[in-house]
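This report concerns only the one structure given below.
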Amino acid sequence: MMQNKQYRVVVIEPSPIIISGIKHLIENSKDFLYVGSIADMEFLIQRLTPLRPEIIIINPSIIDFHKRSSVHSLFQNFSDASIVALCYNFIDSNILKQFDGIIEINDEKLKIENTLINSVNKNKNSETPDSSELSDREKEILISIAKGFQNKEIADIHNISIHTVISHRKNITRKTGIKSVSGLTIYALLNNLINQNEFS
Amino acid sequence: MNHYLFSSNMKLADIIMSNYRLLSVLSRFNINLGFGDKTINEICEQKHISEDLFLMICNVYNFKDYLPTIEEIKTIEINELISFLKKSHNLFINQDIKEIENSLNKMCSCCSGNHLSLLMKFFEDYKKEVINHLNYEETVVFPYIDSLTKNKEVNNYHINQFEENHTNIEDKLSDLKNIIIKYLPEICSPEQRTMLLQRLFLFQEELFTHSIIEDKILIPLVEEIEKGYDAK
Ligand SMILES: [Fe+2]
Ligand SMILES: [Fe+2]
């Protein structure tokens, strides 16, 4: 008979109040099994190994500042475990990018459960984090946008579907933080993708 | 989530000290600084300001998850709410946008490059958009509400038309912020640039709160009046 898979969860966090809270939240869940907590980073690997974690929830502030940028090497002995950040103060987004999921202190029970489940799947796929640099294709599309072409025209010029144009536009906006055509035009000009004579 | 909301027996000075953004609320209620240790209740009584409205606005400004219940909204006098919104509009145009324009001009005059005219054009277009948005409210929405409360004939307009067409005017400022933070050349007048950014951040927050007041307080209140609730 298929038994329901319960993921073994370890919490690395200094505050007993927070640990009890997380323990309480996942205690009755059919998906998770709370197996223990660790309050500081001393002898971390030695203390973590016997717990056989499959999900590690860790407060990034507890990690030594210089080691925060290499979270995965910190847990390299546990490459099968997903690593989820537990945040209740500001953590640099570059550091957060390394985690398979992020729990915020105000998250509801359901959201936390989803974050944990998704973290396991994400760790399996282990996507490479995408860069904020525009790809060559995106630059070409951006130039057409700056020149004032509509989606349909852009699709014809580059011989792609409108759907693809829209998805490129979404990525361009996500990477630059700029949505409007006039804003993107300024971006293209500042990055020498076009010069002022090229558009009216 | 339950907050410890501001209440009328608190000292006005204390709530301003706790969040300086409430300074912009004061002038909209014609409250001048220098009120000593008076409580919100004392000041509202002295200045003939609706305490419920003043507190509601301060709470919306300060607690980003806070929204009053419909029962609380129904205690608000709609004319007072509209006069608050109109004062805000006036300040947006004659103060906030003017200051941003000045900052932008100063920044552009300190550096060179052919992108500057585009930057100015971007803001000019944005300004037009904002003026259109505010004009629509002042010439269509507010007069409609006025007729509605005076039981005058109202021609086929309903507040849900406003609800559906109420455009977002704050998001576009993010484009400008991103360009100034990330993409203008490094040498481009750092002091003016910082000043301009601070103003953009503040203005965006003001617009955001303003639209919450319109969407979550004004519109539900007008809907109640349309349903036959007798406006105060
Ligand atoms: Fe407005
Ligand atoms: Fe509005």
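Ordered as shown in the structure tokens, chains take letters A, B, and onward, while each chain numbers its residues from 1 and ligands are numbered from 1 in the order shown.
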Pull the closest atom pair for each residue of chain B that gets at most 8 Å from ligand 2, along with the distance in Å to one decimal, counting only C-alpha atoms and all ligand atoms, ordering rows by chain and then ascending residue number, as a Markdown table.
```
| residue | atom | partner | partner_atom_place_in_ligand_line | distance |
| --- | --- | --- | --- | --- |
| B:His133 | CA | ligand 2 | 1 (Fe) | 6.4 |
| B:Leu134 | CA | ligand 2 | 1 (Fe) | 6.3 |
| B:Glu137 | CA | ligand 2 | 1 (Fe) | 6.8 |
| B:His166 | CA | ligand 2 | 1 (Fe) | 6.2 |
| B:Thr167 | CA | ligand 2 | 1 (Fe) | 7.0 |
| B:Asn168 | CA | ligand 2 | 1 (Fe) | 7.6 |
| B:Ile169 | CA | ligand 2 | 1 (Fe) | 7.9 |
| B:His210 | CA | ligand 2 | 1 (Fe) | 7.0 |
| B:Ser211 | CA | ligand 2 | 1 (Fe) | 5.3 |
| B:Glu214 | CA | ligand 2 | 1 (Fe) | 6.3 |
```
Where does chain B meet chain A within 10 Å, residue by residue, with the nearest atom pair and distance in Å to one decimal for each, counting only C-alpha atoms, listed by chain and rising number, as JSON lines?
```
{"residue": "B:Met1", "atom": "CA", "partner": "A:Asn106", "partner_atom": "CA", "distance": 9.7}
{"residue": "B:Gly113", "atom": "CA", "partner": "A:Leu190", "partner_atom": "CA", "distance": 9.1}
{"residue": "B:Asn114", "atom": "CA", "partner": "A:Gln196", "partner_atom": "CA", "distance": 7.3}
{"residue": "B:His115", "atom": "CA", "partner": "A:Ile186", "partner_atom": "CA", "distance": 6.4}
{"residue": "B:Leu116", "atom": "CA", "partner": "A:Ile186", "partner_atom": "CA", "distance": 8.9}
{"residue": "B:Ser117", "atom": "CA", "partner": "A:Ile186", "partner_atom": "CA", "distance": 9.8}
{"residue": "B:Leu118", "atom": "CA", "partner": "A:Ile186", "partner_atom": "CA", "distance": 6.6}
{"residue": "B:Leu119", "atom": "CA", "partner": "A:Ile186", "partner_atom": "CA", "distance": 7.1}
{"residue": "B:Lys121", "atom": "CA", "partner": "A:Ser182", "partner_atom": "CA", "distance": 8.8}
{"residue": "B:Phe122", "atom": "CA", "partner": "A:Ser182", "partner_atom": "CA", "distance": 6.4}
{"residue": "B:Phe123", "atom": "CA", "partner": "A:Ser182", "partner_atom": "CA", "distance": 9.9}
{"residue": "B:Asp125", "atom": "CA", "partner": "A:Ser182", "partner_atom": "CA", "distance": 9.4}
{"residue": "B:Asp171", "atom": "CA", "partner": "A:Lys179", "partner_atom": "CA", "distance": 8.8}
{"residue": "B:Lys172", "atom": "CA", "partner": "A:Ser180", "partner_atom": "CA", "distance": 7.1}
{"residue": "B:Leu173", "atom": "CA", "partner": "A:Ile178", "partner_atom": "CA", "distance": 9.5}
{"residue": "B:Ser174", "atom": "CA", "partner": "A:Ile178", "partner_atom": "CA", "distance": 7.1}
{"residue": "B:Asp175", "atom": "CA", "partner": "A:Ile178", "partner_atom": "CA", "distance": 4.6}
{"residue": "B:Leu176", "atom": "CA", "partner": "A:Gly183", "partner_atom": "CA", "distance": 7.0}
{"residue": "B:Lys177", "atom": "CA", "partner": "A:Gly177", "partner_atom": "CA", "distance": 9.0}
{"residue": "B:Asn178", "atom": "CA", "partner": "A:Gly177", "partner_atom": "CA", "distance": 6.1}
{"residue": "B:Ile179", "atom": "CA", "partner": "A:Tyr187", "partner_atom": "CA", "distance": 6.9}
{"residue": "B:Lys182", "atom": "CA", "partner": "A:Thr176", "partner_atom": "CA", "distance": 8.7}
{"residue": "B:Tyr183", "atom": "CA", "partner": "A:Leu190", "partner_atom": "CA", "distance": 6.8}
{"residue": "B:Leu184", "atom": "CA", "partner": "A:Leu190", "partner_atom": "CA", "distance": 6.9}
{"residue": "B:Pro185", "atom": "CA", "partner": "A:Leu190", "partner_atom": "CA", "distance": 8.0}
```
Would you list the contacts of Asn123 (chain A) as a PDB file with N, CA, C and O atoms, in the first residue's frame, taking every protein, DNA or RNA residue within 8 Å and counting only C-alpha atoms, but skipping same-chain residues closer than 6 positions in sequence?
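Result went into part17.pdb, see below:
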```
ATOM      1  N   ASP A  80      20.091  16.760  -1.319  1.00  0.00           N
ATOM      2  CA  ASP A  80      18.723  16.324  -1.594  1.00  0.00           C
ATOM      3  C   ASP A  80      17.689  17.148  -0.838  1.00  0.00           C
ATOM      4  O   ASP A  80      16.504  17.133  -1.176  1.00  0.00           O
ATOM      5  N   ALA A  81      18.132  17.851   0.191  1.00  0.00           N
ATOM      6  CA  ALA A  81      17.191  18.630   0.987  1.00  0.00           C
ATOM      7  C   ALA A  81      16.946  19.976   0.331  1.00  0.00           C
ATOM      8  O   ALA A  81      17.846  20.562  -0.270  1.00  0.00           O
ATOM      9  N   SER A  82      15.707  20.465   0.427  1.00  0.00           N
ATOM     10  CA  SER A  82      15.462  21.821  -0.062  1.00  0.00           C
ATOM     11  C   SER A  82      15.692  22.793   1.092  1.00  0.00           C
ATOM     12  O   SER A  82      15.448  22.472   2.249  1.00  0.00           O
ATOM     13  N   ASP A 100      15.278  27.761  -2.005  1.00  0.00           N
ATOM     14  CA  ASP A 100      14.246  27.088  -2.793  1.00  0.00           C
ATOM     15  C   ASP A 100      12.855  27.590  -2.442  1.00  0.00           C
ATOM     16  O   ASP A 100      11.871  27.209  -3.068  1.00  0.00           O
TER      17      ASP A 100
END
```
Long-range neighbours of region 41-52 of chain A as a list in words, 9 Å cut-off, only C-alpha atoms, 3 positions minimum in chain: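 Non-adjacent residues within range: Arg8, Val9, Val10, Ile12, Val35, Gly36, Ser37, Ile38, Ile62, Ile63, Asp64, Leu74, Phe75, Asn77, Phe78 and Ala81 of chain A.
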Could the residues in this selection be saved with N, CA, C and O atoms as a compact mmCIF listing (two decimals), in the first residue's frame?
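Output file out_8.txt is given in full below:
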```
# COMPACT_ATOMS: atom_id res chain seq x y z
N ARG A 8 10.74 15.26 6.09
CA ARG A 8 11.33 15.54 7.40
C ARG A 8 11.83 16.99 7.44
O ARG A 8 12.67 17.39 6.66
N VAL A 9 11.29 17.76 8.35
CA VAL A 9 11.58 19.19 8.41
C VAL A 9 12.46 19.51 9.62
O VAL A 9 12.16 19.10 10.74
N VAL A 10 13.54 20.26 9.36
CA VAL A 10 14.38 20.75 10.46
C VAL A 10 14.36 22.28 10.41
O VAL A 10 14.42 22.88 9.34
N ILE A 12 16.23 25.76 11.58
CA ILE A 12 17.44 26.35 12.15
C ILE A 12 17.14 27.81 12.45
O ILE A 12 17.00 28.64 11.54
N VAL A 35 11.18 17.19 12.71
CA VAL A 35 12.11 16.27 13.36
C VAL A 35 13.08 16.95 14.31
O VAL A 35 13.80 16.27 15.05
N GLY A 36 13.11 18.27 14.33
CA GLY A 36 13.97 18.91 15.31
C GLY A 36 14.36 20.31 14.92
O GLY A 36 14.08 20.77 13.82
N SER A 37 15.02 20.99 15.85
CA SER A 37 15.47 22.34 15.57
C SER A 37 16.90 22.54 16.07
O SER A 37 17.37 21.80 16.93
N ILE A 38 17.55 23.53 15.48
CA ILE A 38 18.92 23.86 15.85
C ILE A 38 18.97 25.36 16.04
O ILE A 38 18.48 26.12 15.20
N ILE A 62 20.96 34.12 10.71
CA ILE A 62 21.77 33.32 11.62
C ILE A 62 23.08 32.89 10.96
O ILE A 62 24.05 32.53 11.62
N ILE A 63 23.10 32.95 9.62
CA ILE A 63 24.30 32.53 8.89
C ILE A 63 25.33 33.66 8.94
O ILE A 63 25.00 34.82 8.73
N ASP A 64 26.55 33.30 9.22
CA ASP A 64 27.64 34.26 9.25
C ASP A 64 27.61 35.11 7.98
O ASP A 64 27.49 34.59 6.86
N LEU A 74 27.16 25.62 1.98
CA LEU A 74 27.01 25.38 3.42
C LEU A 74 26.30 24.05 3.69
O LEU A 74 26.61 23.32 4.62
N PHE A 75 25.35 23.74 2.81
CA PHE A 75 24.56 22.52 2.99
C PHE A 75 24.89 21.47 1.91
O PHE A 75 24.03 20.69 1.54
N ASN A 77 26.40 18.79 1.93
CA ASN A 77 26.19 17.38 2.31
C ASN A 77 24.71 16.99 2.24
O ASN A 77 24.38 15.83 2.34
N PHE A 78 23.87 17.99 2.09
CA PHE A 78 22.44 17.70 2.08
C PHE A 78 21.81 18.15 0.77
O PHE A 78 20.80 18.84 0.75
N ALA A 81 18.13 17.85 0.19
CA ALA A 81 17.19 18.63 0.99
C ALA A 81 16.95 19.98 0.33
O ALA A 81 17.85 20.56 -0.27
```
Environment of ligand 1 within 10 Å, counting only C-alpha atoms and all ligand atoms, reported as a VMD selection string: chain B and resid 82 84 to 90 92 130 133 to 138 141 to 142 166 169 207 210 to 215
Pick from B:Ile76, B:Leu26, B:Met107, B:Ile31, whichever lies nearest to Tyr61 (chain B) using only C-alpha atoms: B:Leu26
Per-residue DSSP, region 79-226 of chain B, filtered to alpha helix (DSSP H), as number ranges by chain: B: 79-91, 98-110, 115-136, 142-149, 159-165, 172-178, 190-213, 219-226
Atom-to-atom span, CA of Ser103 (chain B) and CA of Arg21 (chain B), Å: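 These two atoms are separated by 20.2 Å.
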Every residue of region 96-195 of chain A that DSSP places in strand (DSSP E or B), as number ranges by chain: A: 101-104
Residue contacts of Met56 (chain B) (9 Å, only C-alpha atoms) excluding same-chain residues fewer than 2 positions away, as a PyMOL selection string: chain B and resi 6+51-54+58-61+67-68+72-73
Mind dumping the selected residues with all heavy atoms as an mmCIF file, in the first residue's frame?
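The result, stored in out.cif:
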```
data_model
loop_
_atom_site.group_PDB
_atom_site.id
_atom_site.type_symbol
_atom_site.label_atom_id
_atom_site.label_comp_id
_atom_site.auth_asym_id
_atom_site.auth_seq_id
_atom_site.Cartn_x
_atom_site.Cartn_y
_atom_site.Cartn_z
ATOM 1 N N PHE B 6 -4.817 54.208 15.708
ATOM 2 C CA PHE B 6 -4.829 55.506 16.381
ATOM 3 C C PHE B 6 -6.226 55.757 16.931
ATOM 4 O O PHE B 6 -7.224 55.396 16.315
ATOM 5 C CB PHE B 6 -4.496 56.630 15.392
ATOM 6 C CG PHE B 6 -3.109 56.541 14.830
ATOM 7 C CD1 PHE B 6 -2.868 56.822 13.491
ATOM 8 C CD2 PHE B 6 -2.026 56.189 15.637
ATOM 9 C CE1 PHE B 6 -1.585 56.755 12.962
ATOM 10 C CE2 PHE B 6 -0.739 56.130 15.117
ATOM 11 C CZ PHE B 6 -0.523 56.407 13.769
ATOM 12 N N GLU B 51 -13.947 64.050 13.497
ATOM 13 C CA GLU B 51 -12.945 63.206 14.137
ATOM 14 C C GLU B 51 -12.884 61.826 13.476
ATOM 15 O O GLU B 51 -11.807 61.278 13.258
ATOM 16 C CB GLU B 51 -13.317 63.069 15.609
ATOM 17 C CG GLU B 51 -12.280 62.433 16.461
ATOM 18 C CD GLU B 51 -12.775 62.331 17.896
ATOM 19 O OE1 GLU B 51 -12.795 63.364 18.586
ATOM 20 O OE2 GLU B 51 -13.175 61.221 18.302
ATOM 21 N N ASP B 52 -14.061 61.283 13.155
ATOM 22 C CA ASP B 52 -14.107 59.948 12.529
ATOM 23 C C ASP B 52 -13.323 59.927 11.223
ATOM 24 O O ASP B 52 -12.543 59.019 10.967
ATOM 25 C CB ASP B 52 -15.560 59.547 12.232
ATOM 26 C CG ASP B 52 -16.315 59.236 13.511
ATOM 27 O OD1 ASP B 52 -15.637 58.959 14.524
ATOM 28 O OD2 ASP B 52 -17.553 59.272 13.491
ATOM 29 N N LEU B 53 -13.552 60.957 10.406
ATOM 30 C CA LEU B 53 -12.869 60.998 9.112
ATOM 31 C C LEU B 53 -11.365 61.179 9.309
ATOM 32 O O LEU B 53 -10.561 60.467 8.699
ATOM 33 C CB LEU B 53 -13.428 62.142 8.249
ATOM 34 C CG LEU B 53 -12.749 62.292 6.884
ATOM 35 C CD1 LEU B 53 -13.002 61.071 6.012
ATOM 36 C CD2 LEU B 53 -13.231 63.556 6.163
ATOM 37 N N PHE B 54 -10.995 62.110 10.181
ATOM 38 C CA PHE B 54 -9.578 62.379 10.414
ATOM 39 C C PHE B 54 -8.853 61.112 10.877
ATOM 40 O O PHE B 54 -7.812 60.741 10.344
ATOM 41 C CB PHE B 54 -9.415 63.507 11.440
ATOM 42 C CG PHE B 54 -7.984 63.878 11.693
ATOM 43 C CD1 PHE B 54 -7.250 64.578 10.746
ATOM 44 C CD2 PHE B 54 -7.350 63.510 12.881
ATOM 45 C CE1 PHE B 54 -5.918 64.907 10.967
ATOM 46 C CE2 PHE B 54 -6.025 63.837 13.112
ATOM 47 C CZ PHE B 54 -5.305 64.539 12.153
ATOM 48 N N CYS B 58 -5.963 58.968 8.880
ATOM 49 C CA CYS B 58 -4.654 58.742 9.515
ATOM 50 C C CYS B 58 -4.358 57.250 9.616
ATOM 51 O O CYS B 58 -3.233 56.811 9.377
ATOM 52 C CB CYS B 58 -4.602 59.361 10.914
ATOM 53 S SG CYS B 58 -4.513 61.150 10.881
ATOM 54 N N ASN B 59 -5.374 56.474 9.967
ATOM 55 C CA ASN B 59 -5.162 55.030 10.098
ATOM 56 C C ASN B 59 -4.859 54.381 8.749
ATOM 57 O O ASN B 59 -4.012 53.500 8.655
ATOM 58 C CB ASN B 59 -6.376 54.375 10.760
ATOM 59 C CG ASN B 59 -6.368 54.571 12.266
ATOM 60 O OD1 ASN B 59 -5.317 54.523 12.903
ATOM 61 N ND2 ASN B 59 -7.528 54.828 12.843
ATOM 62 N N VAL B 60 -5.549 54.830 7.694
ATOM 63 C CA VAL B 60 -5.277 54.277 6.362
ATOM 64 C C VAL B 60 -3.851 54.638 5.926
ATOM 65 O O VAL B 60 -3.139 53.821 5.356
ATOM 66 C CB VAL B 60 -6.305 54.778 5.323
ATOM 67 C CG1 VAL B 60 -5.881 54.405 3.910
ATOM 68 C CG2 VAL B 60 -7.677 54.196 5.615
ATOM 69 N N TYR B 61 -3.438 55.874 6.231
ATOM 70 C CA TYR B 61 -2.073 56.287 5.890
ATOM 71 C C TYR B 61 -1.035 55.448 6.627
ATOM 72 O O TYR B 61 0.006 55.105 6.082
ATOM 73 C CB TYR B 61 -1.853 57.759 6.266
ATOM 74 C CG TYR B 61 -1.968 58.707 5.109
ATOM 75 C CD1 TYR B 61 -3.214 59.083 4.622
ATOM 76 C CD2 TYR B 61 -0.833 59.233 4.495
ATOM 77 C CE1 TYR B 61 -3.335 59.959 3.558
ATOM 78 C CE2 TYR B 61 -0.947 60.111 3.428
ATOM 79 C CZ TYR B 61 -2.193 60.472 2.966
ATOM 80 O OH TYR B 61 -2.298 61.328 1.907
ATOM 81 N N LEU B 67 -8.315 48.577 6.657
ATOM 82 C CA LEU B 67 -9.440 49.141 5.912
ATOM 83 C C LEU B 67 -10.624 49.225 6.867
ATOM 84 O O LEU B 67 -10.901 48.282 7.597
ATOM 85 C CB LEU B 67 -9.815 48.243 4.734
ATOM 86 C CG LEU B 67 -8.959 48.348 3.482
ATOM 87 C CD1 LEU B 67 -9.480 47.392 2.427
ATOM 88 C CD2 LEU B 67 -8.947 49.769 2.937
ATOM 89 N N PRO B 68 -11.328 50.368 6.871
ATOM 90 C CA PRO B 68 -12.481 50.480 7.760
ATOM 91 C C PRO B 68 -13.613 49.575 7.286
ATOM 92 O O PRO B 68 -13.689 49.237 6.108
ATOM 93 C CB PRO B 68 -12.870 51.957 7.640
ATOM 94 C CG PRO B 68 -12.293 52.410 6.353
ATOM 95 C CD PRO B 68 -11.088 51.584 6.093
ATOM 96 N N GLU B 72 -18.335 51.563 9.634
ATOM 97 C CA GLU B 72 -17.520 52.735 9.964
ATOM 98 C C GLU B 72 -17.562 53.764 8.827
ATOM 99 O O GLU B 72 -17.666 54.964 9.058
ATOM 100 C CB GLU B 72 -16.072 52.317 10.245
ATOM 101 C CG GLU B 72 -15.901 51.600 11.575
ATOM 102 C CD GLU B 72 -14.569 50.858 11.691
ATOM 103 O OE1 GLU B 72 -14.023 50.409 10.665
ATOM 104 O OE2 GLU B 72 -14.086 50.717 12.826
ATOM 105 N N ILE B 73 -17.495 53.252 7.596
ATOM 106 C CA ILE B 73 -17.519 54.163 6.449
ATOM 107 C C ILE B 73 -18.814 54.964 6.423
ATOM 108 O O ILE B 73 -18.823 56.144 6.088
ATOM 109 C CB ILE B 73 -17.327 53.355 5.136
ATOM 110 C CG1 ILE B 73 -15.903 52.799 5.067
ATOM 111 C CG2 ILE B 73 -17.621 54.224 3.917
ATOM 112 C CD1 ILE B 73 -15.667 51.829 3.934
#
```
Point-to-point distance in Å for CA of Ile105 (chain A) and CA of Tyr88 (chain A):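 Rounded to one decimal, the two atoms are 5.4 Å apart.
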Coordinates-based distance that separates CA of Asn102 (chain B) from CA of Phe29 (chain B) (Å, one decimal):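 The value is 26.3 Å.
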Can you tell me which residues surround Asn114 (chain A) at a distance of at most 10 Å, considering only C-alpha atoms, apart from same-chain residues fewer than 4 positions away, and format the answer as a PDB file with all heavy atoms, in the first residue's frame?
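Once written, selection-v3.pdb looks like this:
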```pdb
ATOM      1  N   GLY A 101      12.783  28.446  -1.405  1.00  0.00           N
ATOM      2  CA  GLY A 101      11.498  29.008  -1.009  1.00  0.00           C
ATOM      3  C   GLY A 101      11.726  30.031   0.085  1.00  0.00           C
ATOM      4  O   GLY A 101      12.775  30.019   0.722  1.00  0.00           O
ATOM      5  N   ILE A 103       9.748  31.863   3.431  1.00  0.00           N
ATOM      6  CA  ILE A 103       8.608  32.018   4.339  1.00  0.00           C
ATOM      7  C   ILE A 103       8.756  33.368   5.022  1.00  0.00           C
ATOM      8  O   ILE A 103       9.813  33.696   5.540  1.00  0.00           O
ATOM      9  CB  ILE A 103       8.599  30.912   5.414  1.00  0.00           C
ATOM     10  CG1 ILE A 103       8.420  29.536   4.769  1.00  0.00           C
ATOM     11  CG2 ILE A 103       7.513  31.172   6.450  1.00  0.00           C
ATOM     12  CD1 ILE A 103       8.546  28.382   5.747  1.00  0.00           C
ATOM     13  N   LYS A 109      -0.825  29.755   7.376  1.00  0.00           N
ATOM     14  CA  LYS A 109      -0.492  28.330   7.406  1.00  0.00           C
ATOM     15  C   LYS A 109      -0.483  27.709   6.002  1.00  0.00           C
ATOM     16  O   LYS A 109       0.476  27.053   5.603  1.00  0.00           O
ATOM     17  CB  LYS A 109      -1.520  27.617   8.284  1.00  0.00           C
ATOM     18  CG  LYS A 109      -1.320  26.124   8.462  1.00  0.00           C
ATOM     19  CD  LYS A 109      -2.364  25.628   9.456  1.00  0.00           C
ATOM     20  CE  LYS A 109      -2.647  24.133   9.355  1.00  0.00           C
ATOM     21  NZ  LYS A 109      -1.590  23.238   9.756  1.00  0.00           N
ATOM     22  N   LEU A 110      -1.547  28.004   5.248  1.00  0.00           N
ATOM     23  CA  LEU A 110      -1.672  27.407   3.923  1.00  0.00           C
ATOM     24  C   LEU A 110      -0.518  27.819   3.009  1.00  0.00           C
ATOM     25  O   LEU A 110       0.049  27.012   2.262  1.00  0.00           O
ATOM     26  CB  LEU A 110      -3.007  27.842   3.316  1.00  0.00           C
ATOM     27  CG  LEU A 110      -3.476  27.019   2.123  1.00  0.00           C
ATOM     28  CD1 LEU A 110      -3.794  25.601   2.564  1.00  0.00           C
ATOM     29  CD2 LEU A 110      -4.706  27.666   1.490  1.00  0.00           C
ATOM     30  N   ASN A 118       6.422  23.397  -2.650  1.00  0.00           N
ATOM     31  CA  ASN A 118       7.057  23.884  -3.877  1.00  0.00           C
ATOM     32  C   ASN A 118       8.570  23.838  -3.784  1.00  0.00           C
ATOM     33  O   ASN A 118       9.252  23.633  -4.779  1.00  0.00           O
ATOM     34  CB  ASN A 118       6.613  25.327  -4.166  1.00  0.00           C
ATOM     35  CG  ASN A 118       5.148  25.384  -4.579  1.00  0.00           C
ATOM     36  OD1 ASN A 118       4.597  24.381  -5.026  1.00  0.00           O
ATOM     37  ND2 ASN A 118       4.525  26.534  -4.404  1.00  0.00           N
ATOM     38  N   SER A 119       9.087  24.050  -2.594  1.00  0.00           N
ATOM     39  CA  SER A 119      10.552  24.059  -2.436  1.00  0.00           C
ATOM     40  C   SER A 119      11.129  22.695  -2.788  1.00  0.00           C
ATOM     41  O   SER A 119      12.191  22.596  -3.388  1.00  0.00           O
ATOM     42  CB  SER A 119      10.926  24.442  -1.008  1.00  0.00           C
ATOM     43  OG  SER A 119      10.769  23.346  -0.130  1.00  0.00           O
TER      44      SER A 119
END
```
Using only C-alpha atoms: which of B:Leu12, B:Glu99, B:Ser27, B:Ser109 has the shortest distance to Leu202 (chain B):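 Of B:Leu12, B:Glu99, B:Ser27, B:Ser109, the one nearest Leu202 (chain B), counting only C-alpha atoms, is B:Glu99.
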